[in-house]
$ cat model18.tsv   # TSV, C-alpha atoms
chain	number	residue	atom	x	y	z
A	1	MET	CA	-22.19	77.05	-42.96
A	2	ALA	CA	-19.76	74.49	-41.53
A	3	THR	CA	-20.85	71.56	-39.41
A	4	PHE	CA	-18.45	69.53	-37.29
A	5	VAL	CA	-19.58	65.99	-36.55
A	6	ALA	CA	-17.55	63.80	-34.18
A	7	ASP	CA	-17.65	60.00	-34.26
A	8	SER	CA	-20.25	58.18	-36.35
A	9	GLY	CA	-23.49	59.65	-37.55
A	10	ALA	CA	-24.45	62.79	-39.41
A	11	VAL	CA	-26.81	65.68	-38.88
A	12	SER	CA	-28.29	67.69	-41.71
A	13	VAL	CA	-28.18	71.40	-40.87
A	14	PRO	CA	-30.57	73.54	-42.96
A	15	SER	CA	-29.00	76.33	-45.01
A	16	TRP	CA	-31.18	78.91	-43.25
A	17	VAL	CA	-29.43	78.30	-39.90
A	18	THR	CA	-27.11	81.27	-40.20
A	19	ASP	CA	-27.47	83.05	-36.83
A	20	ILE	CA	-28.35	82.36	-33.20
A	21	ASP	CA	-32.09	82.92	-33.55
A	22	ALA	CA	-32.27	80.61	-36.56
A	23	PHE	CA	-30.23	78.02	-34.63
A	24	ARG	CA	-32.62	78.22	-31.66
A	25	HIS	CA	-35.61	77.85	-33.98
A	26	TRP	CA	-33.98	74.82	-35.62
A	27	LEU	CA	-33.59	73.17	-32.21
A	28	ASP	CA	-37.35	73.60	-31.72
A	29	VAL	CA	-38.55	72.41	-35.12
A	30	GLY	CA	-35.68	70.49	-36.70
A	31	ASP	CA	-34.84	66.81	-36.71
A	32	VAL	CA	-31.96	67.11	-34.23
A	33	PRO	CA	-30.93	63.82	-32.57
A	34	GLU	CA	-31.71	63.86	-28.85
A	35	LYS	CA	-28.19	62.80	-27.86
A	36	ALA	CA	-26.41	65.26	-30.16
A	37	ARG	CA	-24.45	67.97	-28.36
A	38	THR	CA	-25.16	70.95	-30.56
A	39	TRP	CA	-23.73	74.49	-30.36
A	40	PHE	CA	-23.76	77.72	-32.30
A	41	LEU	CA	-20.28	79.23	-31.96
A	42	GLU	CA	-18.30	81.72	-34.02
A	43	GLY	CA	-21.07	81.82	-36.61
A	44	GLU	CA	-21.01	78.06	-37.12
A	45	VAL	CA	-22.99	75.03	-35.99
A	46	TRP	CA	-20.98	72.49	-34.01
A	47	VAL	CA	-22.46	69.00	-33.67
A	48	ASP	CA	-20.90	66.29	-31.51
A	49	MET	CA	-22.36	62.82	-31.95
A	50	SER	CA	-19.63	60.95	-30.05
A	51	LYS	CA	-20.44	58.64	-27.14
A	52	GLU	CA	-19.86	60.14	-23.69
A	53	GLN	CA	-17.05	58.50	-21.72
A	54	ILE	CA	-18.65	56.97	-18.63
A	55	PHE	CA	-16.07	57.77	-15.95
A	56	THR	CA	-13.85	60.64	-17.10
A	57	HIS	CA	-16.81	62.62	-18.40
A	58	GLY	CA	-20.26	61.49	-17.28
A	59	ASP	CA	-19.44	60.34	-13.75
A	60	LEU	CA	-17.01	63.21	-13.16
A	61	LYS	CA	-19.55	65.76	-14.34
A	62	GLY	CA	-22.13	64.22	-12.03
A	63	GLU	CA	-19.81	64.37	-9.01
A	64	ILE	CA	-19.04	68.06	-9.46
A	65	THR	CA	-22.65	69.01	-10.12
A	66	THR	CA	-23.95	66.98	-7.15
A	67	VAL	CA	-21.52	68.55	-4.69
A	68	LEU	CA	-22.21	72.08	-5.92
A	69	ARG	CA	-25.98	71.54	-5.93
A	70	SER	CA	-25.81	70.45	-2.27
A	71	LEU	CA	-23.81	73.56	-1.36
A	72	VAL	CA	-26.13	75.89	-3.22
A	73	LYS	CA	-29.29	74.33	-1.80
A	74	ALA	CA	-27.95	74.42	1.76
A	75	ALA	CA	-26.99	78.07	1.44
A	76	LYS	CA	-30.11	78.96	-0.59
A	77	SER	CA	-27.75	80.95	-2.78
A	78	GLY	CA	-29.30	80.34	-6.20
A	79	ARG	CA	-29.73	77.47	-8.64
A	80	MET	CA	-27.13	74.93	-9.78
A	81	LEU	CA	-28.33	73.41	-13.03
A	82	PRO	CA	-26.97	70.22	-14.65
A	83	ASP	CA	-26.22	69.66	-18.33
A	84	GLY	CA	-29.05	69.86	-20.81
A	85	VAL	CA	-29.82	73.53	-20.15
A	86	LEU	CA	-29.63	75.67	-23.29
A	87	LEU	CA	-27.55	78.80	-22.63
A	88	THR	CA	-27.65	81.65	-25.12
A	89	ASN	CA	-25.60	84.84	-25.05
A	90	ARG	CA	-25.91	87.01	-28.12
A	91	LYS	CA	-23.03	89.32	-27.23
A	92	ALA	CA	-20.66	86.35	-27.26
A	93	GLY	CA	-22.36	84.70	-30.22
A	94	LEU	CA	-22.94	81.45	-28.38
A	95	SER	CA	-25.82	79.08	-27.84
A	96	GLY	CA	-25.42	75.56	-26.48
A	97	ASN	CA	-25.46	73.24	-23.49
A	98	PRO	CA	-22.69	73.64	-20.88
A	99	ASP	CA	-21.93	70.68	-18.60
A	100	ALA	CA	-23.37	72.70	-15.68
A	101	VAL	CA	-24.47	76.27	-14.93
A	102	PHE	CA	-24.78	78.26	-11.70
A	103	LEU	CA	-27.13	81.20	-11.27
A	104	SER	CA	-26.88	83.14	-8.03
A	105	GLY	CA	-29.97	84.56	-6.39
A	106	ALA	CA	-28.78	88.05	-7.26
A	107	THR	CA	-28.41	87.12	-10.91
A	108	LEU	CA	-31.86	85.52	-11.03
A	109	ALA	CA	-33.33	88.71	-9.55
A	110	SER	CA	-31.52	90.94	-12.05
A	111	ASP	CA	-31.62	91.49	-15.80
A	112	ARG	CA	-28.37	89.55	-16.31
A	113	VAL	CA	-30.32	86.49	-17.32
A	114	THR	CA	-33.79	85.78	-18.70
A	115	LEU	CA	-35.63	82.49	-18.33
A	116	VAL	CA	-37.15	81.73	-21.73
A	117	PRO	CA	-40.52	79.95	-21.58
A	118	GLY	CA	-41.23	76.88	-23.67
A	119	GLN	CA	-44.13	76.45	-26.05
A	120	GLU	CA	-45.70	73.84	-23.77
A	121	GLY	CA	-45.03	75.59	-20.47
A	122	GLY	CA	-42.11	75.87	-18.09
A	123	PHE	CA	-38.75	77.30	-19.09
A	124	VAL	CA	-36.41	75.84	-21.72
A	125	GLU	CA	-33.52	78.28	-22.06
A	126	LEU	CA	-31.28	80.75	-20.23
A	127	ASP	CA	-30.65	83.95	-22.17
A	128	GLY	CA	-27.86	86.05	-20.74
A	129	THR	CA	-24.98	85.71	-18.30
A	130	PRO	CA	-24.81	83.10	-15.50
A	131	ASP	CA	-22.26	83.32	-12.69
A	132	MET	CA	-20.41	80.09	-13.44
A	133	VAL	CA	-20.20	77.37	-16.08
A	134	LEU	CA	-18.54	73.94	-16.07
A	135	GLU	CA	-17.00	72.04	-18.95
A	136	VAL	CA	-15.42	68.58	-18.68
A	137	VAL	CA	-13.03	67.99	-21.57
A	138	SER	CA	-13.41	64.95	-23.82
A	139	ASP	CA	-11.48	63.97	-26.96
A	140	SER	CA	-14.18	65.40	-29.21
A	141	SER	CA	-14.61	68.66	-27.24
A	142	GLU	CA	-11.00	69.63	-26.49
A	143	LYS	CA	-10.72	72.52	-28.95
A	144	LYS	CA	-14.20	73.79	-28.16
A	145	ASP	CA	-13.74	73.68	-24.37
A	146	THR	CA	-10.14	74.90	-24.08
A	147	GLN	CA	-10.09	77.51	-26.83
A	148	ILE	CA	-13.42	78.53	-28.35
A	149	LEU	CA	-15.51	78.52	-25.16
A	150	THR	CA	-12.74	80.08	-23.06
A	151	GLU	CA	-13.01	83.16	-25.25
A	152	ALA	CA	-16.79	83.00	-25.67
A	153	TYR	CA	-17.55	82.62	-21.96
A	154	TRP	CA	-15.27	85.57	-21.17
A	155	GLU	CA	-17.02	87.65	-23.83
A	156	ALA	CA	-20.35	86.64	-22.28
A	157	GLY	CA	-19.24	88.12	-18.95
A	158	ILE	CA	-19.33	84.87	-16.96
A	159	THR	CA	-17.45	85.31	-13.69
A	160	GLU	CA	-15.99	81.79	-13.36
A	161	TYR	CA	-15.29	79.06	-15.86
A	162	TRP	CA	-14.55	75.64	-14.32
A	163	LEU	CA	-12.51	73.57	-16.75
A	164	VAL	CA	-11.73	69.93	-15.90
A	165	ASP	CA	-9.73	67.35	-17.83
A	166	ALA	CA	-9.33	63.86	-16.34
A	167	ARG	CA	-8.17	62.01	-19.45
A	168	GLY	CA	-4.48	61.90	-18.55
A	169	LYS	CA	-2.33	60.66	-15.69
A	170	GLU	CA	-3.03	63.86	-13.73
A	171	VAL	CA	-6.45	65.42	-13.22
A	172	GLU	CA	-6.47	69.00	-14.49
A	173	PHE	CA	-8.88	71.02	-12.34
A	174	ALA	CA	-8.89	74.73	-13.12
A	175	ILE	CA	-11.07	77.57	-11.94
A	176	LEU	CA	-10.71	80.44	-14.38
A	177	LYS	CA	-11.71	83.87	-13.11
A	178	ARG	CA	-12.74	86.65	-15.45
A	179	GLY	CA	-10.23	89.48	-15.74
A	180	ALA	CA	-10.32	92.71	-17.70
A	181	LYS	CA	-9.14	91.13	-20.95
A	182	LYS	CA	-9.24	87.37	-20.45
A	183	TYR	CA	-9.66	84.56	-17.93
A	184	THR	CA	-6.80	83.88	-15.53
A	185	ARG	CA	-6.32	80.63	-13.66
A	186	VAL	CA	-6.81	80.77	-9.89
A	187	ARG	CA	-3.63	79.64	-8.16
A	188	GLU	CA	-3.89	76.32	-6.34
A	189	GLN	CA	-2.25	75.35	-3.07
A	190	ASP	CA	-1.81	71.67	-2.28
A	191	GLY	CA	-4.46	70.97	-4.88
A	192	TRP	CA	-6.99	73.36	-3.35
A	193	VAL	CA	-8.48	76.10	-5.52
A	194	LYS	CA	-10.61	78.97	-4.23
A	195	SER	CA	-13.86	79.95	-5.89
A	196	ALA	CA	-15.00	83.54	-5.37
A	197	VAL	CA	-18.43	82.65	-6.73
A	198	PHE	CA	-19.11	79.92	-4.14
A	199	GLY	CA	-16.95	81.35	-1.35
A	200	LYS	CA	-15.25	77.96	-0.80
A	201	GLU	CA	-12.08	76.10	-1.65
A	202	PHE	CA	-12.27	72.93	-3.73
A	203	ARG	CA	-10.00	70.00	-4.49
A	204	LEU	CA	-10.70	67.29	-7.04
A	205	THR	CA	-9.18	63.89	-6.32
A	206	ARG	CA	-9.16	60.59	-8.20
A	207	GLU	CA	-8.97	57.10	-6.75
A	208	THR	CA	-9.73	53.64	-8.16
A	209	ASP	CA	-12.86	51.65	-7.39
A	210	PRO	CA	-12.83	47.86	-6.73
A	211	GLN	CA	-13.36	47.22	-10.45
A	212	GLY	CA	-10.31	49.27	-11.40
A	213	ASN	CA	-12.23	52.25	-12.76
A	214	PRO	CA	-11.51	55.87	-11.81
A	215	GLU	CA	-13.62	57.39	-9.04
A	216	PHE	CA	-13.64	61.15	-8.46
A	217	THR	CA	-14.34	63.17	-5.33
A	218	LEU	CA	-14.82	66.93	-5.17
A	219	GLU	CA	-13.71	68.03	-1.69
A	220	VAL	CA	-14.86	71.29	-0.13
A	221	ARG	CA	-13.56	73.40	2.73
$ encode --input "model18.tsv" --output "C-alpha cells"
Amino acid sequence: MATFVADSGAVSVPSWVTDIDAFRHWLDVGDVPEKARTWFLEGEVWVDMSKEQIFTHGDLKGEITTVLRSLVKAAKSGRMLPDGVLLTNRKAGLSGNPDAVFLSGATLASDRVTLVPGQEGGFVELDGTPDMVLEVVSDSSEKKDTQILTEAYWEAGITEYWLVDARGKEVEFAILKRGAKKYTRVREQDGWVKSAVFGKEFRLTRETDPQGNPEFTLEVR
C-alpha cells in the first residue's frame, strides 16, 4: 500500500486498507486529519496535507460552485454540491472528494447514484455516477487531476469533467465531455465554452482586486 503525502505532516494508513470498502470504513473509524484530502485511486491511498491556495484554488472553486448553484436552484434542475462530499464509484475504483459535484434531477430519481446514510442520520456519501464533477488544479494535485482522475471519471461514466488551472499567466478552463473511449475537450469560442449538462455557455475571466490579488468571475450566457 503506497501513501502519497504532500507538504508537511504524515498520515498513518492501516495495512488493512486495501480496497474501497476498507478505505471508506477507515474514513469512518480512523484517525484521519479533518483537513486531509484523501482518495482511494488505482488501488492506492492518496493523502494531500498541503495548504489550499487562497485565490487560485479556494476562491476560484467558490466562484464556480456559487454560480452553478444559483443556476441549478433557479432551474430546479437538481443539486449542485460543494467540496467535502465523498464520491465513490466502484467500477472506476475511486473514492474521494471532488471540488464540486452536480446531480441532475433525473440522476437523483434513477439508480445511477445512491445516497449513503450516515451512522448518525442524514447522508454522508454519493455512490455511483453524477452528471458533472469539478477539479481545480493545485501544485500538489496536478497529476491526480489531469491524469489519474481524467481516466477514472471517464471510467465512472461521468458526462462532464470541468478542469480548471489558474496557476499560470493564462487561466485554463476546460469542459471535458465523455466520448466513447475518452474525454474530449469542448471547443471554445472567444473564451466561451458550452456545457451540454447545464445547457449554457460559460467563460471564466480573471481580473485583479484593489489589493493586487486575482479575482475570478464565471460568466454565463
$ closest_residue --input "model18.tsv" --among "A:Pro98, A:Ala174, A:Met49, A:Arg206" --to "A:Lys144" --atoms "all atoms listed in the file"
A:Pro98
$ closest_residue --input "model18.tsv" --among "A:Glu207, A:Asp131, A:Glu42, A:Asp31" --to "A:Lys169" --atoms "only C-alpha atoms"
A:Glu207
$ residues_near_point --input "model18.tsv" --point "(-27.7, 75.7, -33.1)" --cutoff "8 Å" --atoms "all atoms listed in the file" --output "count of residues only"
14
$ atom_distance --input "model18.tsv" --atom1 "atom CA of A:Ser77" --atom2 "atom CA of A:Thr107"
10.2 Å
$ atom_distance --input "model18.tsv" --atom1 "atom CA of A:Arg37" --atom2 "atom CA of A:Gly118"
19.6 Å
$ closest_residue --input "model18.tsv" --among "A:Tyr183, A:Phe198, A:Trp154, A:Phe216" --to "A:Val72" --atoms "all atoms listed in the file"
A:Phe198
$ atom_distance --input "model18.tsv" --atom1 "atom CA of A:Gly179" --atom2 "atom CA of A:Ala75"
26.6 Å
$ closest_residue --input "model18.tsv" --among "A:Asp165, A:Ala106, A:Glu125, A:Val171" --to "A:Ser138" --atoms "all atoms listed in the file"
A:Asp165
$ residues_around --input "model18.tsv" --residues "A:Glu155" --least-positions-apart "2" --cutoff "9 Å" --atoms "all atoms listed in the file" --output "PyMOL selection string"
chain A and resi 91-93+150-153+157-158+182
$ write_last_selection --input "model18.tsv" --atoms "C-alpha atoms" --output "JSON list (two decimals), in the coordinates of the input"
[["chain", "number", "residue", "atom", "x", "y", "z"],
["A", 91, "LYS", "CA", -23.03, 89.32, -27.23],
["A", 92, "ALA", "CA", -20.66, 86.35, -27.26],
["A", 93, "GLY", "CA", -22.36, 84.70, -30.22],
["A", 150, "THR", "CA", -12.74, 80.08, -23.06],
["A", 151, "GLU", "CA", -13.01, 83.16, -25.25],
["A", 152, "ALA", "CA", -16.79, 83.00, -25.67],
["A", 153, "TYR", "CA", -17.55, 82.62, -21.96],
["A", 157, "GLY", "CA", -19.24, 88.12, -18.95],
["A", 158, "ILE", "CA", -19.33, 84.87, -16.96],
["A", 182, "LYS", "CA", -9.24, 87.37, -20.45]]
$ axis_aligned_box --input "model18.tsv" --around "stretch 198-216 of chain A" --padding-each-side "8 Å" --output "JSON"
{"center_x": -14.0, "center_y": 64.3, "center_z": -6.8, "size_x": 26.1, "size_y": 50.1, "size_z": 28.0}
$ closest_residue --input "model18.tsv" --among "A:Gly43, A:Pro210, A:Pro82, A:Pro14" --to "A:Gly62" --atoms "all atoms listed in the file"
A:Pro82
$ closest_residue --input "model18.tsv" --among "A:Ser50, A:Thr208, A:Thr65, A:Thr159" --to "A:Ala180" --atoms "all atoms listed in the file"
A:Thr159
$ residues_around --input "model18.tsv" --residues "A:Thr146" --least-positions-apart "2" --cutoff "10 Å" --atoms "all atoms listed in the file" --output "VMD selection string"
chain A and resid 135 to 137 141 to 144 148 to 151 163 to 165
$ residues_around --input "model18.tsv" --residues "A:Phe173" --least-positions-apart "6" --cutoff "10 Å" --atoms "all atoms listed in the file" --output "MDAnalysis selection string"
chainID A and resid 136 162:166 188 191:193 202:205
